[in-house]
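Chemist: Structure file input.csv (CSV, C-alpha atoms) is given on the next line.
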chain,number,residue,atom,x,y,z
H,28,MET,CA,40.5,33.7,-52.8
H,29,THR,CA,43.4,32.1,-50.9
H,30,LYS,CA,45.5,29.2,-51.8
H,31,GLN,CA,43.5,27.1,-49.4
H,32,THR,CA,40.4,27.4,-51.4
H,33,THR,CA,39.3,24.0,-52.6
H,34,VAL,CA,37.3,23.6,-55.8
H,35,LEU,CA,35.7,20.4,-57.0
H,36,ILE,CA,35.1,20.3,-60.8
H,37,THR,CA,33.2,17.4,-62.4
H,38,GLY,CA,34.1,16.4,-65.9
H,39,MET,CA,37.7,17.8,-65.8
H,40,SER,CA,39.3,15.4,-68.3
H,41,LYS,CA,38.9,17.8,-71.3
H,42,GLY,CA,36.9,20.7,-72.8
H,43,ILE,CA,35.3,23.2,-70.5
H,44,GLY,CA,36.1,21.4,-67.3
H,45,LYS,CA,39.8,21.1,-68.1
H,46,ALA,CA,39.9,24.8,-69.1
H,47,ILE,CA,38.3,25.9,-65.8
H,48,GLY,CA,40.7,23.6,-63.8
H,49,LYS,CA,43.7,25.0,-65.6
H,50,LYS,CA,42.8,28.6,-64.9
H,51,LEU,CA,42.0,28.0,-61.2
H,52,LEU,CA,45.3,26.1,-60.7
H,53,GLN,CA,47.1,29.2,-62.1
H,54,LYS,CA,45.2,31.3,-59.6
H,55,GLY,CA,46.4,29.1,-56.7
H,56,PHE,CA,43.3,27.1,-56.0
H,57,HIS,CA,43.4,23.5,-54.7
H,58,VAL,CA,41.7,21.8,-57.6
H,59,ILE,CA,40.0,18.4,-57.4
H,60,GLY,CA,38.7,17.1,-60.7
H,61,THR,CA,36.6,14.1,-61.7
H,62,ALA,CA,36.7,11.9,-64.7
H,63,ARG,CA,35.3,8.5,-65.5
H,64,ASN,CA,38.8,7.1,-66.0
H,65,PRO,CA,41.4,9.5,-64.6
H,66,GLU,CA,44.2,7.1,-65.6
H,67,LYS,CA,43.3,7.6,-69.3
H,68,ILE,CA,43.4,11.4,-69.3
H,69,LYS,CA,45.7,12.9,-71.9
H,70,ASP,CA,47.9,15.6,-70.5
H,71,PRO,CA,46.5,15.7,-67.0
H,72,LEU,CA,46.7,19.1,-65.3
H,73,GLU,CA,49.9,19.3,-63.2
H,74,GLY,CA,49.0,20.0,-59.6
H,75,ALA,CA,45.4,18.8,-59.8
H,76,HIS,CA,44.0,15.9,-57.9
H,77,TYR,CA,41.8,13.5,-59.9
H,78,LEU,CA,39.0,11.3,-58.6
H,79,PRO,CA,37.0,8.7,-60.6
H,80,LEU,CA,33.4,9.5,-61.2
H,81,ASP,CA,30.8,7.9,-63.5
H,82,LEU,CA,27.6,9.9,-63.0
H,83,SER,CA,25.5,7.1,-64.5
H,84,ASN,CA,26.8,4.6,-61.8
H,85,GLN,CA,25.3,5.1,-58.4
H,86,LYS,CA,28.1,3.2,-56.7
H,87,SER,CA,30.6,5.6,-58.3
H,88,VAL,CA,28.6,8.6,-57.2
H,89,ASP,CA,28.5,7.2,-53.7
H,90,ASN,CA,32.2,6.6,-53.6
H,91,LEU,CA,33.0,10.1,-54.6
H,92,ILE,CA,30.6,11.6,-52.1
H,93,GLN,CA,32.2,9.4,-49.4
H,94,SER,CA,35.7,10.6,-50.4
H,95,ILE,CA,34.8,14.3,-50.3
H,96,GLN,CA,33.1,14.1,-46.9
H,97,GLU,CA,36.5,14.5,-45.3
H,98,LYS,CA,37.5,17.4,-47.6
H,99,PRO,CA,36.1,20.9,-47.1
H,100,ILE,CA,34.8,21.8,-50.6
H,101,ASP,CA,34.6,25.6,-50.9
H,102,ILE,CA,33.4,25.6,-54.6
H,103,LEU,CA,31.5,23.0,-56.5
H,104,ILE,CA,31.4,23.3,-60.3
H,105,ASN,CA,28.9,20.8,-61.8
H,106,ASN,CA,30.3,20.6,-65.3
H,107,ALA,CA,30.2,17.0,-66.4
H,108,GLY,CA,27.6,16.1,-69.0
H,109,GLN,CA,26.8,14.4,-72.2
H,110,SER,CA,24.6,15.0,-75.2
H,111,GLN,CA,22.2,13.0,-77.4
H,112,ILE,CA,20.3,13.6,-80.7
H,113,GLY,CA,17.3,11.6,-82.0
H,114,PRO,CA,13.6,11.8,-82.7
H,115,VAL,CA,11.3,11.5,-79.7
H,116,GLU,CA,9.2,8.8,-81.3
H,117,GLU,CA,12.2,6.5,-81.7
H,118,MET,CA,14.4,7.3,-78.6
H,119,ASP,CA,14.5,4.5,-76.1
H,120,ILE,CA,13.2,5.7,-72.7
H,121,ASP,CA,16.4,4.3,-71.1
H,122,LYS,CA,18.3,6.9,-73.2
H,123,TYR,CA,16.4,9.6,-71.5
H,124,ARG,CA,16.9,8.0,-68.1
H,125,TYR,CA,20.7,7.7,-68.7
H,126,LEU,CA,21.1,11.3,-69.7
H,127,PHE,CA,19.1,12.6,-66.7
H,128,GLU,CA,21.4,10.5,-64.5
H,129,VAL,CA,24.5,12.1,-66.0
H,130,ASN,CA,23.3,15.6,-66.6
H,131,PHE,CA,20.9,16.2,-63.7
H,132,PHE,CA,20.4,13.6,-60.9
H,133,GLY,CA,24.2,13.1,-60.3
H,134,MET,CA,24.6,16.9,-60.1
H,135,ILE,CA,21.8,17.0,-57.4
H,136,GLN,CA,23.5,14.3,-55.3
H,137,LEU,CA,26.9,16.1,-55.4
H,138,THR,CA,25.2,19.4,-54.5
H,139,GLN,CA,23.4,17.8,-51.6
H,140,ALA,CA,26.7,16.3,-50.4
H,141,VAL,CA,28.5,19.7,-50.1
H,142,LEU,CA,25.6,21.8,-48.9
H,143,PRO,CA,25.7,20.8,-45.2
H,144,GLN,CA,29.3,22.0,-44.8
H,145,MET,CA,28.8,25.1,-46.8
H,146,ARG,CA,25.6,26.0,-44.9
H,147,SER,CA,27.2,25.5,-41.5
H,148,ARG,CA,30.2,27.7,-42.5
H,149,LYS,CA,27.8,30.2,-44.2
H,150,ASN,CA,30.2,30.3,-47.0
H,151,GLY,CA,30.6,28.5,-50.3
H,152,CYS,CA,29.9,28.6,-54.0
H,153,ILE,CA,28.0,26.3,-56.4
H,154,ILE,CA,28.2,26.8,-60.1
H,155,ASN,CA,26.2,24.7,-62.5
H,156,ILE,CA,27.1,24.5,-66.2
H,157,GLY,CA,23.8,24.5,-68.1
H,158,SER,CA,23.3,25.4,-71.7
H,159,LEU,CA,21.4,27.8,-73.9
H,160,ALA,CA,19.6,24.6,-74.9
H,161,GLY,CA,18.0,25.1,-71.4
H,162,ARG,CA,16.2,28.1,-72.9
H,163,PHE,CA,15.5,27.1,-76.5
H,164,ALA,CA,13.8,23.8,-77.4
H,165,LEU,CA,15.9,22.5,-80.2
H,166,PRO,CA,14.6,19.9,-82.7
H,167,TYR,CA,15.8,16.3,-82.3
H,168,GLN,CA,17.5,17.2,-79.0
H,169,SER,CA,14.6,16.6,-76.6
H,170,SER,CA,16.6,14.6,-74.1
H,171,TYR,CA,19.5,17.0,-73.9
H,172,CYS,CA,17.2,20.1,-73.8
H,173,SER,CA,15.1,18.5,-71.1
H,174,THR,CA,18.1,17.9,-68.8
H,175,LYS,CA,19.3,21.5,-69.3
H,176,PHE,CA,15.9,23.0,-68.7
H,177,ALA,CA,15.9,21.0,-65.5
H,178,VAL,CA,19.3,22.2,-64.5
H,179,SER,CA,18.2,25.8,-65.0
H,180,GLY,CA,15.1,25.4,-62.8
H,181,PHE,CA,17.0,23.5,-60.1
H,182,THR,CA,19.8,26.1,-60.0
H,183,GLN,CA,17.6,29.1,-59.8
H,184,SER,CA,15.5,27.5,-57.0
H,185,LEU,CA,18.6,26.5,-55.1
H,186,ARG,CA,20.0,30.0,-55.4
H,187,SER,CA,17.0,31.5,-53.7
H,188,GLU,CA,17.2,28.9,-50.9
H,189,MET,CA,20.9,29.4,-50.2
H,190,LYS,CA,20.8,33.2,-50.1
H,191,ASP,CA,19.8,33.0,-46.4
H,192,PHE,CA,22.8,30.8,-45.6
H,193,GLY,CA,25.6,32.7,-47.3
H,194,VAL,CA,26.1,30.2,-50.1
H,195,LYS,CA,26.5,31.7,-53.6
H,196,VAL,CA,24.8,29.8,-56.5
H,197,ALA,CA,25.1,30.7,-60.2
H,198,LEU,CA,24.2,29.1,-63.6
H,199,ILE,CA,26.5,29.3,-66.6
H,200,GLU,CA,24.7,28.8,-70.0
H,201,PRO,CA,27.2,28.3,-72.8
H,202,ASN,CA,26.3,28.7,-76.4
H,203,ASP,CA,28.2,26.5,-78.9
H,204,ILE,CA,31.7,25.9,-77.5
H,205,GLY,CA,34.5,24.2,-79.3
H,206,THR,CA,35.1,21.0,-77.5
H,207,GLU,CA,35.7,17.3,-78.4
H,208,ILE,CA,32.2,16.4,-77.2
H,209,THR,CA,29.8,15.3,-79.9
H,210,PRO,CA,26.2,14.3,-79.4
H,211,GLU,CA,25.3,10.6,-79.5
H,212,LEU,CA,23.3,9.9,-82.6
H,213,ASN,CA,20.2,7.8,-82.1
H,214,CYS,CA,18.5,7.4,-85.4
H,215,PRO,CA,19.0,4.7,-88.1
H,216,GLU,CA,19.2,5.6,-91.7
H,217,SER,CA,16.0,3.7,-92.3
H,218,SER,CA,14.1,6.1,-90.1
H,219,ALA,CA,11.5,8.5,-91.7
H,220,TYR,CA,13.2,11.1,-89.5
H,221,PHE,CA,16.7,10.5,-90.8
H,222,PRO,CA,16.8,13.0,-93.7
H,223,LEU,CA,15.6,15.9,-91.4
H,224,LEU,CA,17.7,14.8,-88.5
H,225,SER,CA,20.8,14.7,-90.7
H,226,LYS,CA,20.3,18.4,-91.5
H,227,VAL,CA,20.2,19.2,-87.7
H,228,TYR,CA,23.3,17.0,-87.0
H,229,GLN,CA,25.3,18.6,-89.8
H,230,GLN,CA,24.4,22.1,-88.5
H,231,ILE,CA,25.5,21.1,-85.0
H,232,ASN,CA,28.8,19.9,-86.3
H,233,SER,CA,29.2,23.0,-88.4
H,234,ASN,CA,28.5,25.2,-85.4
H,235,MET,CA,30.9,23.3,-83.2
H,236,GLY,CA,33.6,23.6,-85.9
H,237,LYS,CA,33.6,27.4,-85.7
H,238,ALA,CA,32.7,27.8,-82.1
H,239,GLU,CA,34.7,29.8,-79.5
H,240,SER,CA,37.1,28.1,-77.2
H,241,PRO,CA,36.1,27.1,-73.6
H,242,ASP,CA,38.0,30.2,-72.4
H,243,VAL,CA,34.9,32.3,-72.7
H,244,ILE,CA,33.2,30.0,-70.2
H,245,VAL,CA,36.2,30.2,-67.9
H,246,THR,CA,35.7,34.0,-67.8
H,247,ALA,CA,32.1,33.6,-66.8
H,248,VAL,CA,33.0,31.1,-64.1
H,249,LEU,CA,35.6,33.5,-62.6
H,250,LYS,CA,33.0,36.3,-62.5
H,251,ALA,CA,30.7,34.0,-60.5
H,252,ILE,CA,33.4,33.0,-58.1
H,253,GLU,CA,34.9,36.4,-57.5
H,254,LYS,CA,31.8,38.5,-57.2
H,255,GLU,CA,30.3,38.8,-53.7
H,256,ASN,CA,26.9,38.6,-55.2
H,257,PRO,CA,27.1,37.0,-58.6
H,258,ALA,CA,24.4,37.2,-61.2
H,259,PRO,CA,21.8,34.4,-61.2
H,260,ILE,CA,22.8,33.4,-64.8
H,261,TYR,CA,25.7,34.1,-67.1
H,262,VAL,CA,25.5,33.4,-70.8
H,263,ALA,CA,28.7,33.0,-72.8
H,264,GLY,CA,29.9,32.1,-76.3
H,265,GLY,CA,29.2,33.6,-79.7
H,266,ASN,CA,26.0,35.5,-79.8
H,267,ALA,CA,24.7,34.2,-76.5
H,268,GLY,CA,23.9,37.6,-75.2
H,269,LEU,CA,21.9,38.5,-78.3
H,270,LEU,CA,20.0,35.2,-78.1
H,271,LYS,CA,19.1,35.8,-74.5
H,272,LEU,CA,17.7,39.2,-75.3
H,273,ALA,CA,15.8,37.8,-78.3
H,274,GLN,CA,14.2,35.2,-76.2
H,275,ARG,CA,12.8,37.9,-73.9
H,276,LEU,CA,11.5,40.1,-76.7
H,277,LEU,CA,10.4,37.8,-79.5
H,278,PRO,CA,7.0,36.1,-79.6
H,279,ASP,CA,7.3,32.3,-79.2
H,280,ARG,CA,6.1,31.6,-82.7
H,281,ILE,CA,8.8,33.8,-84.2
H,282,ALA,CA,11.5,32.2,-82.0
H,283,GLU,CA,10.3,28.8,-83.1
H,284,LYS,CA,10.5,29.8,-86.8
H,285,ILE,CA,14.0,31.1,-86.3
H,286,ILE,CA,15.2,27.9,-84.7
H,287,ARG,CA,13.7,25.8,-87.4
H,288,LYS,CA,15.3,28.0,-90.1
H,289,THR,CA,18.7,27.7,-88.4
H,290,TYR,CA,18.5,23.9,-88.8
H,291,GLU,CA,17.1,24.2,-92.4
H,292,LEU,CA,13.8,22.7,-91.4
H,293,GLY,CA,10.7,23.7,-93.4
The structure in this file should be written as structure tokens.
Modeler:
Amino acid sequence: MTKQTTVLITGMSKGIGKAIGKKLLQKGFHVIGTARNPEKIKDPLEGAHYLPLDLSNQKSVDNLIQSIQEKPIDILINNAGQSQIGPVEEMDIDKYRYLFEVNFFGMIQLTQAVLPQMRSRKNGCIINIGSLAGRFALPYQSSYCSTKFAVSGFTQSLRSEMKDFGVKVALIEPNDIGTEITPELNCPESSAYFPLLSKVYQQINSNMGKAESPDVIVTAVLKAIEKENPAPIYVAGGNAGLLKLAQRLLPDRIAEKIIRKTYELG
């Protein structure tokens, strides 16, 4: 990659996005990063160019798309996302809509915005940050899992489409990664689900507390960028590789039992 290579990274204010941006700056990339409020970023990356983006706001998405029409984007890394936890019965449907806007529909719009220039050049790279929750249906995380299952299907379909036009597409599926992001809790203490959901929430926080740093995701991203023909999917973090293998080999009933036991559910 040359110094003229331009990469757009959504959600670059902290966590995985910031770690990716830092590494690519060190490698000489021209890095454009998005954040809902760039002016409020603590310790912004020196040399990076920040643009505002709120994926839940269509005007904000449109403004970003308009601003990048004049910039040749060589690599798009769809990283921005949020998480929720709550029982299906009690989750407001607007919560689902909001999370799909942030985790899925906004990603599609940005991808559509850069594809014409990449296709015409027969060169480009799109990397979508999914999750192992896009493979395993986790209890009380139906909204988040649904968006990540959608990201997985979208990315794999897009990859096949773009092979004929010289555009690389890859999906990165992190396991638990140590970041500042915590899932929004949607369940009052008065709920019949609260005692069970509390176990899940505590386990999530415990896992995050001992999770690996975002650097393992950076390594996977670099592989996808630097390889001429990257793998369709890279899993990273903790025992992600073992979990991927287990998903392929274990019967669905056994996998379900293991997941429930992990969260101390009966």
Chemist: With all atoms listed in the file as the basis for distance, which of H:Tyr261, H:Gln53, H:Ser40, H:Tyr167 is at the shortest distance from Lys67 (chain H)?
Modeler: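 Of all the options, H:Ser40 lies closest to Lys67 (chain H).
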Chemist: Write out as a PyMOL selection string the residues lying within 12 Å of Ala197 (chain H), counting all atoms listed in the file and excluding same-chain residues fewer than 5 positions away.
Modeler: chain H and resi 102-105+151-157+178-187+189-190+247-262
Chemist: What would the file look like if the residues just selected were written as a PDB file, in the coordinates of the input with C-alpha atoms?
Modeler:
ATOM      1  CA  ILE H 102      33.400  25.600 -54.600  1.00  0.00           C
ATOM      2  CA  LEU H 103      31.500  23.000 -56.500  1.00  0.00           C
ATOM      3  CA  ILE H 104      31.400  23.300 -60.300  1.00  0.00           C
ATOM      4  CA  ASN H 105      28.900  20.800 -61.800  1.00  0.00           C
ATOM      5  CA  GLY H 151      30.600  28.500 -50.300  1.00  0.00           C
ATOM      6  CA  CYS H 152      29.900  28.600 -54.000  1.00  0.00           C
ATOM      7  CA  ILE H 153      28.000  26.300 -56.400  1.00  0.00           C
ATOM      8  CA  ILE H 154      28.200  26.800 -60.100  1.00  0.00           C
ATOM      9  CA  ASN H 155      26.200  24.700 -62.500  1.00  0.00           C
ATOM     10  CA  ILE H 156      27.100  24.500 -66.200  1.00  0.00           C
ATOM     11  CA  GLY H 157      23.800  24.500 -68.100  1.00  0.00           C
ATOM     12  CA  VAL H 178      19.300  22.200 -64.500  1.00  0.00           C
ATOM     13  CA  SER H 179      18.200  25.800 -65.000  1.00  0.00           C
ATOM     14  CA  GLY H 180      15.100  25.400 -62.800  1.00  0.00           C
ATOM     15  CA  PHE H 181      17.000  23.500 -60.100  1.00  0.00           C
ATOM     16  CA  THR H 182      19.800  26.100 -60.000  1.00  0.00           C
ATOM     17  CA  GLN H 183      17.600  29.100 -59.800  1.00  0.00           C
ATOM     18  CA  SER H 184      15.500  27.500 -57.000  1.00  0.00           C
ATOM     19  CA  LEU H 185      18.600  26.500 -55.100  1.00  0.00           C
ATOM     20  CA  ARG H 186      20.000  30.000 -55.400  1.00  0.00           C
ATOM     21  CA  SER H 187      17.000  31.500 -53.700  1.00  0.00           C
ATOM     22  CA  MET H 189      20.900  29.400 -50.200  1.00  0.00           C
ATOM     23  CA  LYS H 190      20.800  33.200 -50.100  1.00  0.00           C
ATOM     24  CA  ALA H 247      32.100  33.600 -66.800  1.00  0.00           C
ATOM     25  CA  VAL H 248      33.000  31.100 -64.100  1.00  0.00           C
ATOM     26  CA  LEU H 249      35.600  33.500 -62.600  1.00  0.00           C
ATOM     27  CA  LYS H 250      33.000  36.300 -62.500  1.00  0.00           C
ATOM     28  CA  ALA H 251      30.700  34.000 -60.500  1.00  0.00           C
ATOM     29  CA  ILE H 252      33.400  33.000 -58.100  1.00  0.00           C
ATOM     30  CA  GLU H 253      34.900  36.400 -57.500  1.00  0.00           C
ATOM     31  CA  LYS H 254      31.800  38.500 -57.200  1.00  0.00           C
ATOM     32  CA  GLU H 255      30.300  38.800 -53.700  1.00  0.00           C
ATOM     33  CA  ASN H 256      26.900  38.600 -55.200  1.00  0.00           C
ATOM     34  CA  PRO H 257      27.100  37.000 -58.600  1.00  0.00           C
ATOM     35  CA  ALA H 258      24.400  37.200 -61.200  1.00  0.00           C
ATOM     36  CA  PRO H 259      21.800  34.400 -61.200  1.00  0.00           C
ATOM     37  CA  ILE H 260      22.800  33.400 -64.800  1.00  0.00           C
ATOM     38  CA  TYR H 261      25.700  34.100 -67.100  1.00  0.00           C
ATOM     39  CA  VAL H 262      25.500  33.400 -70.800  1.00  0.00           C
TER      40      VAL H 262
END
Chemist: With all atoms listed in the file as the basis for distance, which of H:Pro65, H:Gly108, H:Pro201, H:Gly113 is at the shortest distance from Leu159 (chain H)?
Modeler: H:Pro201
Chemist: Find the spatial neighbours of Asn64 (chain H), counting only C-alpha atoms, within a cut-off of 10 Å - ignore same-chain residues fewer than 3 positions away - and output them as number ranges by chain.
Modeler: H: 40, 61, 67-68, 77-81
Chemist: With a cut-off of 9 Å, could you pull out the residues of region 111-210 of chain H touching region 214-224 of chain H and give me the nearest pair of atoms for each, distance in Å to one decimal, using all atoms listed in the file, ordered by chain and ascending number, as JSON lines?
Modeler:
{"residue": "H:Ile112", "atom": "CA", "partner": "H:Cys214", "partner_atom": "CA", "distance": 8.0}
{"residue": "H:Gly113", "atom": "CA", "partner": "H:Cys214", "partner_atom": "CA", "distance": 5.5}
{"residue": "H:Pro114", "atom": "CA", "partner": "H:Tyr220", "partner_atom": "CA", "distance": 6.8}
{"residue": "H:Glu117", "atom": "CA", "partner": "H:Cys214", "partner_atom": "CA", "distance": 7.4}
{"residue": "H:Met118", "atom": "CA", "partner": "H:Cys214", "partner_atom": "CA", "distance": 7.9}
{"residue": "H:Pro166", "atom": "CA", "partner": "H:Leu224", "partner_atom": "CA", "distance": 8.3}
{"residue": "H:Tyr167", "atom": "CA", "partner": "H:Leu224", "partner_atom": "CA", "distance": 6.7}
Chemist: Here is a test: counting only C-alpha atoms, which residue of H:Val58, H:Met145, H:Ile135, H:Leu270 is nearest to Val88 (chain H)?
Modeler: H:Ile135
Chemist: So which residues touch Ile47 (chain H) within 9 Å, counting only C-alpha atoms, skipping near sequence neighbours fewer than 5 positions away, as a PyMOL selection string?
Modeler: chain H and resi 36+39+42+52+241-242+244-246+248-249
Chemist: May I ask which of the residues H:Gln111, H:Gln168, H:Asn150, H:Asn232 is the closest one to Gly193 (chain H), counting only C-alpha atoms?
Modeler: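 With only C-alpha atoms as the atom set, the closest residue is H:Asn150.
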Chemist: State, in Å with one decimal place, the distance from CA of Thr37 (chain H) to CA of Ser110 (chain H).
Modeler: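 The value is 15.6 Å.
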Chemist: State, in Å with one decimal place, the distance from CA of Ile204 (chain H) to CA of Ala267 (chain H).
Modeler: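 CA of Ala267 (chain H) lies 10.9 Å from CA of Ile204 (chain H).
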Chemist: Considering all atoms listed in the file, state which residue in the set H:Leu142, H:Asn266, H:Leu212, H:Lys45 is at the smallest distance from Glu188 (chain H).
Modeler: H:Leu142
Chemist: In Å, how far is it from CA of Lys50 (chain H) to CA of Ala62 (chain H)?
Modeler: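 Calculated distance between CA of Lys50 (chain H) and CA of Ala62 (chain H) is 17.8 Å.
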Chemist: H:Ala164, H:Ala238, H:Arg63, H:Thr32: which is nearest Arg287 (chain H), counting all atoms listed in the file?
Modeler: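 Result for the nearest residue to Arg287 (chain H): H:Ala164.
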Chemist: Neighbours of Asp203 (chain H) within 9 Å (all atoms listed in the file; same-chain residues fewer than 3 positions away dropped), as number ranges by chain?
Modeler: H: 158-159, 206, 231, 234-235, 237-239, 263-265, 267
Chemist: Step by step: start from the point (39.6, 14.9, -49.2) in the file's coordinates, keep every protein, DNA or RNA residue that has an atom no farther than 12 Å from it, count all atoms listed in the file, and write the set as a PyMOL selection string.
Modeler: chain H and resi 33-35+57-60+76-78+90-101
Chemist: Could you name the residues that touch Ile285 (chain H) at 12 Å or less, counting only C-alpha atoms, but leaving out those on the same chain fewer than 5 positions away, as number ranges by chain?
Modeler: H: 163-166, 270, 273-274, 277-280, 290-293
Chemist: Taking the structure I provided as the source, export region 34-55 of chain H with N, CA and C atoms, as an mmCIF file, in the first residue's frame.
Modeler:
data_model
loop_
_atom_site.group_PDB
_atom_site.id
_atom_site.type_symbol
_atom_site.label_atom_id
_atom_site.label_comp_id
_atom_site.auth_asym_id
_atom_site.auth_seq_id
_atom_site.Cartn_x
_atom_site.Cartn_y
_atom_site.Cartn_z
ATOM 1 N N VAL H 34 -8.242 5.457 3.565
ATOM 2 C CA VAL H 34 -9.144 4.536 4.253
ATOM 3 C C VAL H 34 -10.156 5.328 5.063
ATOM 4 N N LEU H 35 -11.407 4.932 4.978
ATOM 5 C CA LEU H 35 -12.483 5.522 5.775
ATOM 6 C C LEU H 35 -12.907 4.515 6.828
ATOM 7 N N ILE H 36 -12.814 4.914 8.092
ATOM 8 C CA ILE H 36 -13.145 4.026 9.219
ATOM 9 C C ILE H 36 -14.283 4.643 10.012
ATOM 10 N N THR H 37 -15.415 3.966 10.087
ATOM 11 C CA THR H 37 -16.512 4.493 10.904
ATOM 12 C C THR H 37 -16.306 4.080 12.358
ATOM 13 N N GLY H 38 -16.760 4.947 13.261
ATOM 14 C CA GLY H 38 -16.623 4.661 14.686
ATOM 15 C C GLY H 38 -15.174 4.665 15.128
ATOM 16 N N MET H 39 -14.458 5.757 14.829
ATOM 17 C CA MET H 39 -13.024 5.786 15.125
ATOM 18 C C MET H 39 -12.703 6.602 16.377
ATOM 19 N N SER H 40 -13.697 6.882 17.180
ATOM 20 C CA SER H 40 -13.449 7.703 18.365
ATOM 21 C C SER H 40 -12.764 6.922 19.476
ATOM 22 N N LYS H 41 -12.959 5.603 19.505
ATOM 23 C CA LYS H 41 -12.375 4.785 20.570
ATOM 24 C C LYS H 41 -12.423 3.320 20.166
ATOM 25 N N GLY H 42 -11.930 2.462 21.056
ATOM 26 C CA GLY H 42 -12.053 1.020 20.869
ATOM 27 C C GLY H 42 -11.391 0.494 19.613
ATOM 28 N N ILE H 43 -12.097 -0.438 18.960
ATOM 29 C CA ILE H 43 -11.550 -1.116 17.781
ATOM 30 C C ILE H 43 -11.241 -0.128 16.665
ATOM 31 N N GLY H 44 -12.152 0.782 16.400
ATOM 32 C CA GLY H 44 -11.955 1.742 15.320
ATOM 33 C C GLY H 44 -10.711 2.592 15.518
ATOM 34 N N LYS H 45 -10.516 3.058 16.736
ATOM 35 C CA LYS H 45 -9.351 3.897 17.028
ATOM 36 C C LYS H 45 -8.064 3.095 16.893
ATOM 37 N N ALA H 46 -8.082 1.838 17.359
ATOM 38 C CA ALA H 46 -6.895 0.990 17.251
ATOM 39 C C ALA H 46 -6.530 0.735 15.794
ATOM 40 N N ILE H 47 -7.544 0.508 14.952
ATOM 41 C CA ILE H 47 -7.288 0.299 13.520
ATOM 42 C C ILE H 47 -6.708 1.565 12.902
ATOM 43 N N GLY H 48 -7.327 2.699 13.217
ATOM 44 C CA GLY H 48 -6.855 3.969 12.670
ATOM 45 C C GLY H 48 -5.421 4.265 13.058
ATOM 46 N N LYS H 49 -5.077 3.998 14.300
ATOM 47 C CA LYS H 49 -3.715 4.254 14.781
ATOM 48 C C LYS H 49 -2.691 3.432 14.006
ATOM 49 N N LYS H 50 -2.977 2.166 13.808
ATOM 50 C CA LYS H 50 -2.051 1.293 13.090
ATOM 51 C C LYS H 50 -1.908 1.703 11.628
ATOM 52 N N LEU H 51 -3.015 2.043 10.988
ATOM 53 C CA LEU H 51 -2.942 2.413 9.573
ATOM 54 C C LEU H 51 -2.229 3.744 9.380
ATOM 55 N N LEU H 52 -2.360 4.655 10.334
ATOM 56 C CA LEU H 52 -1.593 5.906 10.273
ATOM 57 C C LEU H 52 -0.103 5.608 10.355
ATOM 58 N N GLN H 53 0.268 4.695 11.228
ATOM 59 C CA GLN H 53 1.675 4.313 11.371
ATOM 60 C C GLN H 53 2.220 3.716 10.086
ATOM 61 N N LYS H 54 1.343 3.081 9.310
ATOM 62 C CA LYS H 54 1.758 2.459 8.060
ATOM 63 C C LYS H 54 1.686 3.420 6.876
ATOM 64 N N GLY H 55 1.328 4.675 7.134
ATOM 65 C CA GLY H 55 1.359 5.676 6.081
ATOM 66 C C GLY H 55 0.079 5.870 5.305
#
